[in-house]
Amino acid sequence: MPDLVLRDVVVTAPGDDDVVILRPTTLTLTEHRVALVGANGSGKSTLARLLNGLVEPSAGTVTVDGLDTVRDGAAVRRRVGFVFTDPGAQLVMPTAAEDVALSLRRTVRDAAERRLRAVEVLDGYGLGHLADVSVQSLSGGQKQMLALAGVLAAGPDVVVADEPTTLLDRRNTRSIGDALLSMRQQLVLVTHDLDLAARCDRVLVVADGQVVHDGDPAEAVARYCAEVDAS
Amino acid sequence: MSAPVTLLGLYRPGTTVLHRTPVGAKLLALAVMGVVVVVLRGPVSGLVLLGVAVLLAALGRTGTRRTLRALRPILLVAVVLGGIQLWRFGPPVAVEVVADLLSLVLAATVVTATTAVDTMVDAIARACGPLRRLGVSPERVAFAMALTIRAIPQVLEVAAETRQAARARGLERDPRALLVPMVVRTVGRARATGDALAARGLGDD
């Protein structure tokens with residue numbers, strides 16, 4: 001698995017250094033599946049966005065297999081895919097096949113070949129029959145699965161998913177969760193779904209802009225629950 | 001809430017002659033039609049051009065109901081415009097103006113309905129190739145155009161959602177309750193889309 005390394009990373013609010021979003025953090029993530037859990041506004045999404053270069057550290061460095069997310073941003077984004085909470089913002093083309101084809105533009109130059117490959121990718125996620133359907137008419141679960149398919153079509157080594165099941169019903173939560181956890185790629189999953197977090201290899205609990213617990217999933221989840229219950 | 005059907009994003013995959021025609025030829029034909037509409041005067045030429053556009057729509061199998069639904073806003077404009085022309089200049093001018101408008105919009109619809117956005121992006125990128133010498137990325141220009149096209153139905157969706165939210169609070173007659181949230185949400189969505197594009201590495205090349 002790739003090495004995701006944060007060294008003395010601090011993130012402050014844009015234009016206001018006094019507002020600290022992420023306190024000094026040093027971490028190395030090498031496990032296949034890592035979950036980040038914590039309350040809303042705790043800083044876990046900021047931590048996740050650092051890994052793809054969507055958020056730049058105010059201090060310190062973030063590297064993906066030695067590539068700096070600021071200096072080598074383009075190379076990092078080729079290796080680290082990102083799945084957002086709201087797939088509506090992520091799907092930018094009119095139809096499912098065209099959106100996946102967009103991810104393939106860098107690697108497949110011929111449009112007809114790209115279309116064939118896009119449909120193959122969709123078939124792999126049970127979305128082949130929706131290839132030419134408008135993305136606006138897809139259900140929430142189908143949109144999120146399509147967003148994931150689009151990310152994976154680009155061939156990343158790491159997938160960062162920021163609360164990908166928050167807007168979904170139970171059935172879709174399970175199918176997206178299963179798809180994420182069965183990927184060969186390294187996964188960094190921000191989630192409020194503690195069952196999903198417990199199925200990961202490592203769980204980080206984030207609170208007030210810092211990692212307050214890091215370790216065995218069952219223990220970390222239990223500790224997070226105890227803290228929530230006590231507060 | 002169902003997504004609004006618009007002229008843009010109307011693409012229907014198919015194997016008709018028009019689907020197989022190169023996008024450059026289709027855009028050229030559309031431009032020629034635009035010139036012809038302006039050059040030829042009178043209601044007869046307008047009706048002939050409208051007939052040609054209807055024929056093209058049938059040839060491209062754009063789907064009668066779907067096309068009419070997408071054209072509905074333009075049909076409303078055509079009715080109002082036709083009424084004004086009828087009142088001001090009489091029936092021949094009204095027929096000509098309405099026929100010209102509908103024939104051009106329908107012909108453009110046929111182009112979008114028979115051309116995938118991906119193909120359009122390729123064509124625009126090729127056409128913008130010379131801009132590379134000026135330091136402009138043709139891919140980026142083409143992609144910006146495609147995103148603009150994609151943004152129109154999204155903005156309409158945001159407008160519909162905002163209208164419903166205002167109505168739910170009994171504020172449907174308050175322009176601030178419609179305009180402010182719509183602008184804020186549109187900007188928010190644009191930022192989210194920008195983040196998503198950056199995350200997918202689009203624009204890095």
# chains A, B, ... in the order shown; residues from 1 in each chain; ligands from 1
call {"tool": "residues_around", "arguments": {"residues": "Leu36 of chain A", "least_positions_apart": "4", "cutoff": "6 Å", "atoms": "only C-alpha atoms", "output": "JSON, numbers by chain"}}
result
{"A": [190, 203, 204, 205]}
call {"tool": "interface_residues", "arguments": {"of": "chain A", "to": "chain B", "cutoff": "9 Å", "atoms": "only C-alpha atoms", "output": "number ranges by chain"}}
result
A: 52-54, 73-78, 80-84, 86, 88-95, 98-99, 101-103, 106, 111, 132-134, 136-137, 150-151, 154
call {"tool": "residues_around", "arguments": {"residues": "Val211 of chain A", "least_positions_apart": "6", "cutoff": "12 Å", "atoms": "only C-alpha atoms", "output": "ChimeraX atom specification"}}
result
/A:9,22-27,35-39,42-44,47,203-205,220,224
call {"tool": "select_by_dssp", "arguments": {"residues": "segment 2-209 of chain A", "states": "helix (DSSP H, G or I)", "output": "PyMOL selection string"}}
result
chain A and resi 44-50+73-79+87-90+96-104+111-124+128-130+135-137+140-153+170-181+194-198
call {"tool": "atom_distance", "arguments": {"atom1": "atom CA of Val34 of chain A", "atom2": "atom CA of Leu4 of chain A"}}
result
10.9 Å
call {"tool": "residues_around", "arguments": {"residues": "Ala31 of chain B", "least_positions_apart": "3", "cutoff": "12 Å", "atoms": "only C-alpha atoms", "output": "ChimeraX atom specification"}}
result
/B:24-28,34-38,104-105,107-108,111
call {"tool": "write_last_selection", "arguments": {"atoms": "C-alpha atoms", "output": "mmCIF file, in the first residue's frame"}}
result
data_model
loop_
_atom_site.group_PDB
_atom_site.id
_atom_site.type_symbol
_atom_site.label_atom_id
_atom_site.label_comp_id
_atom_site.auth_asym_id
_atom_site.auth_seq_id
_atom_site.Cartn_x
_atom_site.Cartn_y
_atom_site.Cartn_z
ATOM 1 C CA GLY B 24 -17.647 19.503 -37.494
ATOM 2 C CA ALA B 25 -19.974 18.977 -40.467
ATOM 3 C CA LYS B 26 -23.027 19.302 -38.255
ATOM 4 C CA LEU B 27 -21.815 22.543 -36.697
ATOM 5 C CA LEU B 28 -20.915 23.921 -40.147
ATOM 6 C CA GLY B 34 -28.150 30.486 -39.554
ATOM 7 C CA VAL B 35 -26.891 32.537 -42.509
ATOM 8 C CA VAL B 36 -29.642 31.245 -44.825
ATOM 9 C CA VAL B 37 -32.311 32.166 -42.269
ATOM 10 C CA VAL B 38 -31.057 35.745 -42.257
ATOM 11 C CA LEU B 104 -32.845 27.395 -35.887
ATOM 12 C CA VAL B 105 -33.572 26.206 -32.340
ATOM 13 C CA ALA B 107 -31.740 22.413 -35.860
ATOM 14 C CA ALA B 108 -29.456 23.211 -32.883
ATOM 15 C CA VAL B 111 -27.088 18.734 -33.233
#
